[in-house]
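structure.pdb, holding PDB, C-alpha atoms:
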MODEL        1
ATOM      1  CA  MET Q   1     -42.753   2.597  -2.395  1.00  0.00           C
ATOM      2  CA  ARG Q   2     -39.232   1.682  -1.358  1.00  0.00           C
ATOM      3  CA  LYS Q   3     -38.369   0.777  -4.939  1.00  0.00           C
ATOM      4  CA  ALA Q   4     -39.609   4.166  -6.156  1.00  0.00           C
ATOM      5  CA  LEU Q   5     -37.572   5.874  -3.453  1.00  0.00           C
ATOM      6  CA  GLY Q   6     -34.485   3.897  -4.467  1.00  0.00           C
ATOM      7  CA  LEU Q   7     -35.005   4.745  -8.137  1.00  0.00           C
ATOM      8  CA  PHE Q   8     -35.377   8.403  -7.258  1.00  0.00           C
ATOM      9  CA  ALA Q   9     -32.174   8.373  -5.217  1.00  0.00           C
ATOM     10  CA  PHE Q  10     -30.341   6.589  -8.030  1.00  0.00           C
ATOM     11  CA  LEU Q  11     -31.545   9.112 -10.644  1.00  0.00           C
ATOM     12  CA  ALA Q  12     -30.592  12.015  -8.396  1.00  0.00           C
ATOM     13  CA  PHE Q  13     -27.106  10.550  -7.919  1.00  0.00           C
ATOM     14  CA  VAL Q  14     -26.686  10.006 -11.690  1.00  0.00           C
ATOM     15  CA  LEU Q  15     -27.784  13.584 -12.362  1.00  0.00           C
ATOM     16  CA  PHE Q  16     -25.288  14.795  -9.769  1.00  0.00           C
ATOM     17  CA  LEU Q  17     -22.522  12.813 -11.454  1.00  0.00           C
ATOM     18  CA  PHE Q  18     -23.472  14.217 -14.866  1.00  0.00           C
ATOM     19  CA  ALA Q  19     -23.469  17.766 -13.512  1.00  0.00           C
ATOM     20  CA  ALA Q  20     -20.051  17.201 -11.925  1.00  0.00           C
ATOM     21  CA  THR Q  21     -18.696  15.744 -15.179  1.00  0.00           C
ATOM     22  CA  ILE Q  22     -19.979  18.634 -17.291  1.00  0.00           C
ATOM     23  CA  SER Q  23     -18.504  21.237 -14.949  1.00  0.00           C
ATOM     24  CA  LEU Q  24     -15.035  19.630 -15.039  1.00  0.00           C
ATOM     25  CA  ARG Q  25     -12.227  21.764 -16.342  1.00  0.00           C
ATOM     26  CA  PRO Q  26     -10.592  20.718 -19.630  1.00  0.00           C
ATOM     27  CA  PHE Q  27      -7.833  18.135 -19.336  1.00  0.00           C
ATOM     28  CA  GLY Q  28      -4.397  19.525 -18.518  1.00  0.00           C
ATOM     29  CA  GLU Q  29      -5.579  22.885 -17.163  1.00  0.00           C
ATOM     30  CA  PRO Q  30      -5.819  22.629 -13.379  1.00  0.00           C
ATOM     31  CA  PRO Q  31      -7.216  25.716 -11.589  1.00  0.00           C
ATOM     32  CA  HIS Q  32      -4.171  26.161  -9.351  1.00  0.00           C
ATOM     33  CA  ALA Q  33      -0.930  25.340 -11.157  1.00  0.00           C
ATOM     34  CA  GLU Q  34       1.479  27.563  -9.250  1.00  0.00           C
ATOM     35  CA  MET Q  35       2.902  24.798  -7.055  1.00  0.00           C
ATOM     36  CA  ASP Q  36       3.209  22.316  -9.940  1.00  0.00           C
ATOM     37  CA  SER Q  37       5.068  24.876 -12.042  1.00  0.00           C
ATOM     38  CA  TYR Q  38       7.343  25.668  -9.107  1.00  0.00           C
ATOM     39  CA  PHE Q  39       8.223  21.980  -8.650  1.00  0.00           C
ATOM     40  CA  ILE Q  40       8.856  21.452 -12.361  1.00  0.00           C
ATOM     41  CA  GLU Q  41      10.999  24.574 -12.734  1.00  0.00           C
ATOM     42  CA  HIS Q  42      13.036  24.354  -9.510  1.00  0.00           C
ATOM     43  CA  ALA Q  43      13.399  20.610  -8.840  1.00  0.00           C
ATOM     44  CA  GLN Q  44      16.587  20.306 -10.863  1.00  0.00           C
ATOM     45  CA  GLU Q  45      18.455  23.067  -9.060  1.00  0.00           C
ATOM     46  CA  GLU Q  46      17.016  22.675  -5.549  1.00  0.00           C
ATOM     47  CA  ALA Q  47      16.731  18.912  -5.206  1.00  0.00           C
ATOM     48  CA  SER Q  48      19.389  18.188  -7.845  1.00  0.00           C
ATOM     49  CA  ALA Q  49      17.356  15.357  -9.366  1.00  0.00           C
ATOM     50  CA  ASN Q  50      16.012  14.732 -12.847  1.00  0.00           C
ATOM     51  CA  ASN Q  51      13.056  12.780 -11.483  1.00  0.00           C
ATOM     52  CA  VAL Q  52      10.624  15.423 -10.255  1.00  0.00           C
ATOM     53  CA  VAL Q  53       8.348  12.815  -8.701  1.00  0.00           C
ATOM     54  CA  THR Q  54      11.162  11.526  -6.503  1.00  0.00           C
ATOM     55  CA  SER Q  55      12.141  15.052  -5.530  1.00  0.00           C
ATOM     56  CA  VAL Q  56       8.555  15.718  -4.418  1.00  0.00           C
ATOM     57  CA  VAL Q  57       8.221  12.423  -2.580  1.00  0.00           C
ATOM     58  CA  PHE Q  58      11.577  12.487  -0.808  1.00  0.00           C
ATOM     59  CA  ASP Q  59      12.388  16.185  -0.535  1.00  0.00           C
ATOM     60  CA  TYR Q  60       9.440  18.568  -0.658  1.00  0.00           C
ATOM     61  CA  ARG Q  61       7.136  16.101   1.119  1.00  0.00           C
ATOM     62  CA  GLY Q  62       9.711  13.924   2.813  1.00  0.00           C
ATOM     63  CA  PHE Q  63       7.758  13.958   6.044  1.00  0.00           C
ATOM     64  CA  ASP Q  64       4.950  12.047   4.322  1.00  0.00           C
ATOM     65  CA  THR Q  65       7.433   9.409   3.184  1.00  0.00           C
ATOM     66  CA  LEU Q  66       8.729   9.144   6.740  1.00  0.00           C
ATOM     67  CA  GLY Q  67       5.148   8.333   7.800  1.00  0.00           C
ATOM     68  CA  GLU Q  68       4.817   5.681   5.080  1.00  0.00           C
ATOM     69  CA  ALA Q  69       8.070   4.079   6.158  1.00  0.00           C
ATOM     70  CA  THR Q  70       6.833   4.099   9.747  1.00  0.00           C
ATOM     71  CA  VAL Q  71       3.621   2.328   8.683  1.00  0.00           C
ATOM     72  CA  LEU Q  72       5.633  -0.419   7.010  1.00  0.00           C
ATOM     73  CA  PHE Q  73       7.962  -0.666  10.015  1.00  0.00           C
ATOM     74  CA  THR Q  74       4.989  -1.025  12.371  1.00  0.00           C
ATOM     75  CA  ALA Q  75       3.364  -3.692  10.181  1.00  0.00           C
ATOM     76  CA  VAL Q  76       6.555  -5.741   9.948  1.00  0.00           C
ATOM     77  CA  SER Q  77       7.302  -5.508  13.663  1.00  0.00           C
ATOM     78  CA  GLY Q  78       3.720  -6.484  14.473  1.00  0.00           C
ATOM     79  CA  VAL Q  79       3.832  -9.572  12.253  1.00  0.00           C
ATOM     80  CA  LEU Q  80       7.251 -10.615  13.569  1.00  0.00           C
ATOM     81  CA  MET Q  81       6.229 -10.031  17.177  1.00  0.00           C
ATOM     82  CA  ALA Q  82       3.090 -12.154  16.773  1.00  0.00           C
ATOM     83  CA  LEU Q  83       4.644 -15.004  14.784  1.00  0.00           C
ATOM     84  CA  ARG Q  84       8.273 -15.206  15.894  1.00  0.00           C
ATOM     85  CA  HIS Q  85       7.294 -17.721  18.534  1.00  0.00           C
ATOM     86  CA  TYR Q  86       6.045 -20.212  15.949  1.00  0.00           C
ATOM     87  CA  GLY Q  87       8.615 -19.907  13.189  1.00  0.00           C
ATOM     88  CA  GLY Q  88      11.540 -19.887  15.556  1.00  0.00           C
ATOM     89  CA  LYS Q  89      14.658 -21.857  16.068  1.00  0.00           C
ATOM     90  CA  GLU Q  90      13.315 -25.265  17.107  1.00  0.00           C
ATOM     91  CA  LYS Q  91      12.970 -27.806  14.310  1.00  0.00           C
TER      92      LYS Q  91
ATOM     93  CA  MET B   1       7.374 -26.591  -4.506  1.00  0.00           C
ATOM     94  CA  THR B   2      10.964 -27.532  -5.177  1.00  0.00           C
ATOM     95  CA  THR B   3      10.816 -29.272  -8.536  1.00  0.00           C
ATOM     96  CA  THR B   4      13.710 -29.187 -10.967  1.00  0.00           C
ATOM     97  CA  ILE B   5      11.894 -26.731 -13.236  1.00  0.00           C
ATOM     98  CA  ILE B   6      11.412 -24.184 -10.460  1.00  0.00           C
ATOM     99  CA  LYS B   7      14.971 -24.613  -9.204  1.00  0.00           C
ATOM    100  CA  THR B   8      16.485 -24.087 -12.664  1.00  0.00           C
ATOM    101  CA  THR B   9      14.280 -21.103 -13.424  1.00  0.00           C
ATOM    102  CA  THR B  10      15.148 -19.569 -10.078  1.00  0.00           C
ATOM    103  CA  ARG B  11      18.853 -20.050 -10.683  1.00  0.00           C
ATOM    104  CA  LEU B  12      18.510 -18.123 -13.945  1.00  0.00           C
ATOM    105  CA  LEU B  13      16.054 -15.443 -12.848  1.00  0.00           C
ATOM    106  CA  ALA B  14      16.998 -14.582  -9.264  1.00  0.00           C
ATOM    107  CA  PRO B  15      20.327 -12.807 -10.052  1.00  0.00           C
ATOM    108  CA  LEU B  16      18.617 -10.744 -12.756  1.00  0.00           C
ATOM    109  CA  ILE B  17      15.794  -9.747 -10.398  1.00  0.00           C
ATOM    110  CA  LEU B  18      18.247  -8.778  -7.657  1.00  0.00           C
ATOM    111  CA  VAL B  19      20.318  -6.673 -10.060  1.00  0.00           C
ATOM    112  CA  PHE B  20      17.190  -5.004 -11.411  1.00  0.00           C
ATOM    113  CA  GLY B  21      16.032  -4.164  -7.883  1.00  0.00           C
ATOM    114  CA  SER B  22      19.402  -2.617  -7.010  1.00  0.00           C
ATOM    115  CA  TYR B  23      19.263  -0.622 -10.245  1.00  0.00           C
ATOM    116  CA  ILE B  24      15.813   0.768  -9.414  1.00  0.00           C
ATOM    117  CA  ILE B  25      16.953   1.741  -5.910  1.00  0.00           C
ATOM    118  CA  LEU B  26      20.220   3.373  -6.998  1.00  0.00           C
ATOM    119  CA  HIS B  27      18.686   5.225  -9.965  1.00  0.00           C
ATOM    120  CA  GLY B  28      15.661   6.404  -7.997  1.00  0.00           C
ATOM    121  CA  HIS B  29      16.483  10.074  -8.587  1.00  0.00           C
ATOM    122  CA  LEU B  30      16.891   9.616 -12.358  1.00  0.00           C
ATOM    123  CA  THR B  31      14.366   7.063 -13.605  1.00  0.00           C
ATOM    124  CA  PRO B  32      10.867   6.020 -12.510  1.00  0.00           C
ATOM    125  CA  GLY B  33      10.865   4.066  -9.284  1.00  0.00           C
ATOM    126  CA  GLY B  34      12.677   4.597  -6.047  1.00  0.00           C
ATOM    127  CA  GLY B  35      13.285   3.081  -2.664  1.00  0.00           C
ATOM    128  CA  PHE B  36       9.873   1.492  -2.138  1.00  0.00           C
ATOM    129  CA  GLN B  37       9.553   0.016  -5.618  1.00  0.00           C
ATOM    130  CA  GLY B  38      13.155  -1.173  -5.863  1.00  0.00           C
ATOM    131  CA  GLY B  39      12.973  -2.668  -2.398  1.00  0.00           C
ATOM    132  CA  ALA B  40       9.848  -4.589  -3.366  1.00  0.00           C
ATOM    133  CA  VAL B  41      11.546  -5.913  -6.527  1.00  0.00           C
ATOM    134  CA  PHE B  42      14.650  -6.938  -4.567  1.00  0.00           C
ATOM    135  CA  ALA B  43      12.480  -8.608  -1.926  1.00  0.00           C
ATOM    136  CA  SER B  44      10.598 -10.535  -4.624  1.00  0.00           C
ATOM    137  CA  GLY B  45      13.942 -11.911  -5.845  1.00  0.00           C
ATOM    138  CA  LEU B  46      14.862 -13.011  -2.327  1.00  0.00           C
ATOM    139  CA  ILE B  47      11.374 -14.500  -1.855  1.00  0.00           C
ATOM    140  CA  LEU B  48      11.805 -16.493  -5.067  1.00  0.00           C
ATOM    141  CA  LEU B  49      15.042 -17.853  -3.612  1.00  0.00           C
ATOM    142  CA  ILE B  50      13.197 -18.714  -0.382  1.00  0.00           C
ATOM    143  CA  VAL B  51      10.221 -20.554  -1.858  1.00  0.00           C
ATOM    144  CA  ALA B  52      12.326 -22.538  -4.327  1.00  0.00           C
ATOM    145  CA  ASN B  53      14.413 -24.215  -1.636  1.00  0.00           C
ATOM    146  CA  VAL B  54      13.799 -26.685   1.156  1.00  0.00           C
ATOM    147  CA  ARG B  55      13.249 -25.521   4.718  1.00  0.00           C
ATOM    148  CA  ASP B  56      16.549 -26.603   6.290  1.00  0.00           C
ATOM    149  CA  LYS B  57      18.606 -24.864   3.615  1.00  0.00           C
ATOM    150  CA  VAL B  58      16.605 -21.639   3.943  1.00  0.00           C
ATOM    151  CA  GLN B  59      16.847 -21.690   7.720  1.00  0.00           C
ATOM    152  CA  LYS B  60      20.602 -22.256   7.628  1.00  0.00           C
ATOM    153  CA  LEU B  61      21.055 -19.454   5.087  1.00  0.00           C
ATOM    154  CA  PHE B  62      18.882 -16.843   6.804  1.00  0.00           C
ATOM    155  CA  GLU B  63      19.932 -17.607  10.384  1.00  0.00           C
ATOM    156  CA  LYS B  64      22.966 -15.383   9.971  1.00  0.00           C
ATOM    157  CA  THR B  65      21.275 -12.732   7.808  1.00  0.00           C
ATOM    158  CA  PRO B  66      20.458  -9.655   9.946  1.00  0.00           C
ATOM    159  CA  LEU B  67      17.078  -8.831   8.373  1.00  0.00           C
ATOM    160  CA  THR B  68      15.654  -7.205  11.515  1.00  0.00           C
ATOM    161  CA  GLN B  69      18.798  -5.178  12.010  1.00  0.00           C
ATOM    162  CA  LEU B  70      18.696  -4.045   8.355  1.00  0.00           C
ATOM    163  CA  GLU B  71      15.107  -2.910   8.812  1.00  0.00           C
ATOM    164  CA  SER B  72      16.011  -0.864  11.884  1.00  0.00           C
ATOM    165  CA  LEU B  73      19.089   0.493  10.111  1.00  0.00           C
ATOM    166  CA  GLY B  74      16.896   1.743   7.269  1.00  0.00           C
ATOM    167  CA  ALA B  75      14.490   3.523   9.620  1.00  0.00           C
ATOM    168  CA  LEU B  76      17.289   5.101  11.685  1.00  0.00           C
ATOM    169  CA  GLY B  77      19.180   6.087   8.550  1.00  0.00           C
ATOM    170  CA  PHE B  78      16.119   7.878   7.206  1.00  0.00           C
ATOM    171  CA  LEU B  79      15.799   9.801  10.474  1.00  0.00           C
ATOM    172  CA  GLY B  80      19.523  10.534  10.481  1.00  0.00           C
ATOM    173  CA  ILE B  81      19.453  11.992   6.973  1.00  0.00           C
ATOM    174  CA  GLY B  82      16.424  14.038   8.014  1.00  0.00           C
ATOM    175  CA  LEU B  83      18.319  15.421  11.005  1.00  0.00           C
ATOM    176  CA  LEU B  84      21.233  16.229   8.698  1.00  0.00           C
ATOM    177  CA  GLY B  85      18.845  18.599   6.937  1.00  0.00           C
ATOM    178  CA  LEU B  86      18.142  20.232  10.305  1.00  0.00           C
ATOM    179  CA  MET B  87      21.793  21.284  10.308  1.00  0.00           C
ATOM    180  CA  SER B  88      21.291  23.687   7.403  1.00  0.00           C
ATOM    181  CA  TYR B  89      17.640  24.728   7.353  1.00  0.00           C
ATOM    182  CA  THR B  90      14.743  22.418   8.267  1.00  0.00           C
ATOM    183  CA  PHE B  91      14.028  18.745   8.851  1.00  0.00           C
ATOM    184  CA  LEU B  92      14.584  16.724   5.653  1.00  0.00           C
ATOM    185  CA  LYS B  93      16.101  19.721   3.826  1.00  0.00           C
ATOM    186  CA  ASN B  94      18.265  18.580   0.934  1.00  0.00           C
ATOM    187  CA  ALA B  95      21.561  19.567   2.547  1.00  0.00           C
ATOM    188  CA  ILE B  96      23.863  17.438   0.380  1.00  0.00           C
ATOM    189  CA  ALA B  97      22.621  18.651  -3.019  1.00  0.00           C
ATOM    190  CA  ASN B  98      25.189  20.719  -4.956  1.00  0.00           C
ATOM    191  CA  SER B  99      27.720  20.354  -2.117  1.00  0.00           C
ATOM    192  CA  GLY B 100      30.310  18.211  -3.881  1.00  0.00           C
ATOM    193  CA  PHE B 101      29.964  15.363  -1.387  1.00  0.00           C
ATOM    194  CA  LEU B 102      29.175  11.826  -2.571  1.00  0.00           C
ATOM    195  CA  PHE B 103      25.916  12.058  -4.585  1.00  0.00           C
ATOM    196  CA  GLY B 104      26.291  15.847  -4.299  1.00  0.00           C
ATOM    197  CA  GLY B 105      27.035  16.714  -7.912  1.00  0.00           C
ATOM    198  CA  THR B 106      25.288  19.520  -9.748  1.00  0.00           C
ATOM    199  CA  THR B 107      22.494  18.610 -12.147  1.00  0.00           C
ATOM    200  CA  PRO B 108      22.591  20.501 -15.450  1.00  0.00           C
ATOM    201  CA  GLN B 109      19.431  22.483 -16.104  1.00  0.00           C
ATOM    202  CA  GLY B 110      17.074  21.276 -18.794  1.00  0.00           C
ATOM    203  CA  ILE B 111      17.346  18.046 -20.728  1.00  0.00           C
ATOM    204  CA  ASN B 112      20.332  15.920 -19.761  1.00  0.00           C
ATOM    205  CA  PRO B 113      21.219  12.217 -19.882  1.00  0.00           C
ATOM    206  CA  GLY B 114      21.104  11.901 -16.079  1.00  0.00           C
ATOM    207  CA  TYR B 115      24.157  11.525 -13.883  1.00  0.00           C
ATOM    208  CA  LEU B 116      24.295   9.055 -11.010  1.00  0.00           C
ATOM    209  CA  ASN B 117      26.410  11.351  -8.819  1.00  0.00           C
ATOM    210  CA  THR B 118      23.547  13.806  -8.231  1.00  0.00           C
ATOM    211  CA  GLY B 119      20.490  13.920  -6.054  1.00  0.00           C
ATOM    212  CA  GLY B 120      21.898  14.854  -2.652  1.00  0.00           C
ATOM    213  CA  THR B 121      19.867  13.364   0.165  1.00  0.00           C
ATOM    214  CA  LEU B 122      17.404  11.823  -2.319  1.00  0.00           C
ATOM    215  CA  SER B 123      19.870   9.075  -3.172  1.00  0.00           C
ATOM    216  CA  TYR B 124      20.648   8.349   0.473  1.00  0.00           C
ATOM    217  CA  LEU B 125      16.960   8.261   1.384  1.00  0.00           C
ATOM    218  CA  ASN B 126      16.275   5.942  -1.557  1.00  0.00           C
ATOM    219  CA  ILE B 127      18.998   3.566  -0.400  1.00  0.00           C
ATOM    220  CA  PHE B 128      17.805   3.569   3.215  1.00  0.00           C
ATOM    221  CA  VAL B 129      14.136   3.111   2.296  1.00  0.00           C
ATOM    222  CA  GLY B 130      15.098   0.335  -0.127  1.00  0.00           C
ATOM    223  CA  THR B 131      17.074  -1.475   2.579  1.00  0.00           C
ATOM    224  CA  LYS B 132      14.146  -1.151   4.945  1.00  0.00           C
ATOM    225  CA  VAL B 133      11.516  -2.357   2.488  1.00  0.00           C
ATOM    226  CA  LEU B 134      13.502  -5.341   1.259  1.00  0.00           C
ATOM    227  CA  ALA B 135      14.342  -6.469   4.781  1.00  0.00           C
ATOM    228  CA  GLY B 136      10.762  -6.031   5.988  1.00  0.00           C
ATOM    229  CA  LEU B 137       8.992  -7.823   3.134  1.00  0.00           C
ATOM    230  CA  THR B 138      11.551 -10.632   3.088  1.00  0.00           C
ATOM    231  CA  SER B 139      11.264 -11.214   6.827  1.00  0.00           C
ATOM    232  CA  ILE B 140       7.453 -11.384   6.654  1.00  0.00           C
ATOM    233  CA  VAL B 141       7.511 -13.990   3.879  1.00  0.00           C
ATOM    234  CA  LEU B 142      10.356 -15.855   5.594  1.00  0.00           C
ATOM    235  CA  ILE B 143       8.433 -16.253   8.860  1.00  0.00           C
ATOM    236  CA  PHE B 144       5.310 -17.492   7.025  1.00  0.00           C
ATOM    237  CA  PHE B 145       7.439 -19.903   4.982  1.00  0.00           C
ATOM    238  CA  LEU B 146       9.081 -21.313   8.112  1.00  0.00           C
ATOM    239  CA  ILE B 147       5.739 -21.789   9.865  1.00  0.00           C
ATOM    240  CA  LEU B 148       3.989 -23.427   6.883  1.00  0.00           C
ATOM    241  CA  ARG B 149       6.844 -25.761   6.022  1.00  0.00           C
ATOM    242  CA  ARG B 150       7.211 -26.884   9.624  1.00  0.00           C
ATOM    243  CA  GLU B 151       3.540 -27.801   9.793  1.00  0.00           C
ATOM    244  CA  ARG B 152       3.780 -29.733   6.544  1.00  0.00           C
ATOM    245  CA  ASP B 153       6.706 -31.722   7.894  1.00  0.00           C
ATOM    246  CA  GLU B 154       4.675 -32.603  10.973  1.00  0.00           C
ATOM    247  CA  TRP B 155       1.769 -33.962   8.914  1.00  0.00           C
TER     248      TRP B 155
ENDMDL
END
Using structure tokens, write down the structure that the file contains.
Amino acid sequence: MRKALGLFAFLAFVLFLFAATISLRPFGEPPHAEMDSYFIEHAQEEASANNVVTSVVFDYRGFDTLGEATVLFTAVSGVLMALRHYGGKEK
Amino acid sequence: MTTTIIKTTTRLLAPLILVFGSYIILHGHLTPGGGFQGGAVFASGLILLIVANVRDKVQKLFEKTPLTQLESLGALGFLGIGLLGLMSYTFLKNAIANSGFLFGGTTPQGINPGYLNTGGTLSYLNIFVGTKVLAGLTSIVLIFFLILRRERDEW
């Protein structure tokens, strides 16, 4: 009984995946491309950078990068705070 | 792990890795990569230098190196550049782009070979994030190295 239930759930999930795959849009044609086109057309004059990815990461969404940098800062200060006592000056 | 093979390879490879990391950081607004990636590459060069040497040498070398201060400098520099954008429009606005300041050159529209003196705040943020990442990763590996090598000496 449990095996039949598991098989049924598995088949339903596979069918769901197939339906999702069939209803995908063709490659390279996203439904909402306005923002992408804006970045690609205006990055060189607004952010003054050839690398559009960098201009998105550091300019248009710089706040996100600030959060990432804060995560790394917190991780490093946590490790150093916990282990400084052991690695310290004494030989 | 300080055999002659590893020492010789490190002596050849470490300068190249450090130069490559600086290149990725400084050219973050022109080529793939940026502050995070270049900082990780630079830190891997420093880590190679750490693990290929004995403990006393590493401790003497890194006692004077302000890794923690560099990390804090990177974080504060990022915030400072962000506040500089507040001066003109919003937080993290690219205030230096097209202003003629250092890294403030104008990028030609369309296909161009890529000029280093462009990017505005992007270049500064890349440099600060790179400083932060390289100092952070190096200090983590350095503290583990010091702990492990000390315990091995005690055995």
Which residues of chain Q sit at most 12 Å from chain B, using all atoms listed in the file? Give each one's shortest atom pair and distance in Å (one decimal place), in chain and ascending residue order, as a tab-separated table.
residue	atom	partner	partner_atom	distance
Q:Ile40	CA	B:Gly110	CA	10.4
Q:Glu41	CA	B:Gly110	CA	9.2
Q:His42	CA	B:Gln109	CA	9.4
Q:Ala43	CA	B:Gln109	CA	9.6
Q:Gln44	CA	B:Thr107	CA	6.3
Q:Glu45	CA	B:Thr107	CA	6.8
Q:Glu46	CA	B:Ala97	CA	7.3
Q:Ala47	CA	B:Ala97	CA	6.3
Q:Ser48	CA	B:Gly119	CA	4.8
Q:Ala49	CA	B:Gly119	CA	4.8
Q:Asn50	CA	B:Leu30	CA	5.2
Q:Asn51	CA	B:Leu30	CA	5.0
Q:Val52	CA	B:His29	CA	8.1
Q:Val53	CA	B:Pro32	CA	8.2
Q:Thr54	CA	B:His29	CA	5.9
Q:Ser55	CA	B:Leu122	CA	7.0
Q:Val56	CA	B:Leu122	CA	9.9
Q:Val57	CA	B:Leu122	CA	9.2
Q:Phe58	CA	B:Leu122	CA	6.1
Q:Asp59	CA	B:Asn94	CA	6.5
Q:Tyr60	CA	B:Lys93	CA	8.1
Q:Arg61	CA	B:Leu92	CA	8.7
Q:Gly62	CA	B:Leu92	CA	6.3
Q:Phe63	CA	B:Leu92	CA	7.4
Q:Asp64	CA	B:Leu92	CA	10.8
Q:Thr65	CA	B:Val129	CA	9.2
Q:Leu66	CA	B:Phe78	CA	7.5
Q:Gly67	CA	B:Ala75	CA	10.7
Q:Glu68	CA	B:Phe36	CA	9.8
Q:Ala69	CA	B:Val129	CA	7.3
Q:Thr70	CA	B:Ala75	CA	7.7
Q:Val71	CA	B:Ala75	CA	11.0
Q:Leu72	CA	B:Val133	CA	7.7
Q:Phe73	CA	B:Gly136	CA	7.3
Q:Thr74	CA	B:Gly136	CA	10.0
Q:Ala75	CA	B:Gly136	CA	8.8
Q:Val76	CA	B:Gly136	CA	5.8
Q:Ser77	CA	B:Gly136	CA	8.4
Q:Gly78	CA	B:Ile140	CA	10.0
Q:Val79	CA	B:Ile140	CA	6.9
Q:Leu80	CA	B:Ile140	CA	7.0
Q:Met81	CA	B:Ile143	CA	10.6
Q:Ala82	CA	B:Ile143	CA	10.4
Q:Leu83	CA	B:Ile143	CA	7.1
Q:Arg84	CA	B:Ile143	CA	7.1
Q:His85	CA	B:Ile147	CA	9.7
Q:Tyr86	CA	B:Ile147	CA	6.3
Q:Gly87	CA	B:Ile147	CA	4.8
Q:Gly88	CA	B:Leu146	CA	8.0
Q:Lys89	CA	B:Gln59	CA	8.6
Q:Glu90	CA	B:Arg150	CA	9.8
Q:Lys91	CA	B:Arg150	CA	7.5
I'd like the box whose edges run along x, y and z of the file and which contains every listed atom of segment 17-26 of chain B, padded by 8 Å per side; could you state its centre and edge lengths in Å, one decimal, as lines of an AutoDock Vina configuration file?
center_x = 18.1
center_y = -3.2
center_z = -8.7
size_x = 20.5
size_y = 29.1
size_z = 21.5
Atomic distance atom CA of Ile50 of chain B - atom CA of Tyr124 of chain B, expressed in Å with one decimal: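 Pair atom CA of Ile50 of chain B / atom CA of Tyr124 of chain B returns 28.1 Å.
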Interatomic distance, atom CA of Gly80 of chain B to atom CA of Ile17 of chain B (Å, one decimal): 29.3 Å
Top pick for closest residue to Ile24 of chain B, considering B:Thr2, B:Thr90, B:Thr65, B:Gln37 and counting only C-alpha atoms: B:Gln37
For Phe42 of chain B, the nearest of the candidates B:Val19, B:Leu12, B:Leu84, B:Leu26, counting all atoms listed in the file: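 Distance minimum relative to Phe42 of chain B lands on B:Val19.
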Atom CA of Ser22 of chain B to atom CA of Val54 of chain B, straight-line distance in Å: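 Calculated distance between atom CA of Val54 of chain B and atom CA of Ser22 of chain B is 26.0 Å.
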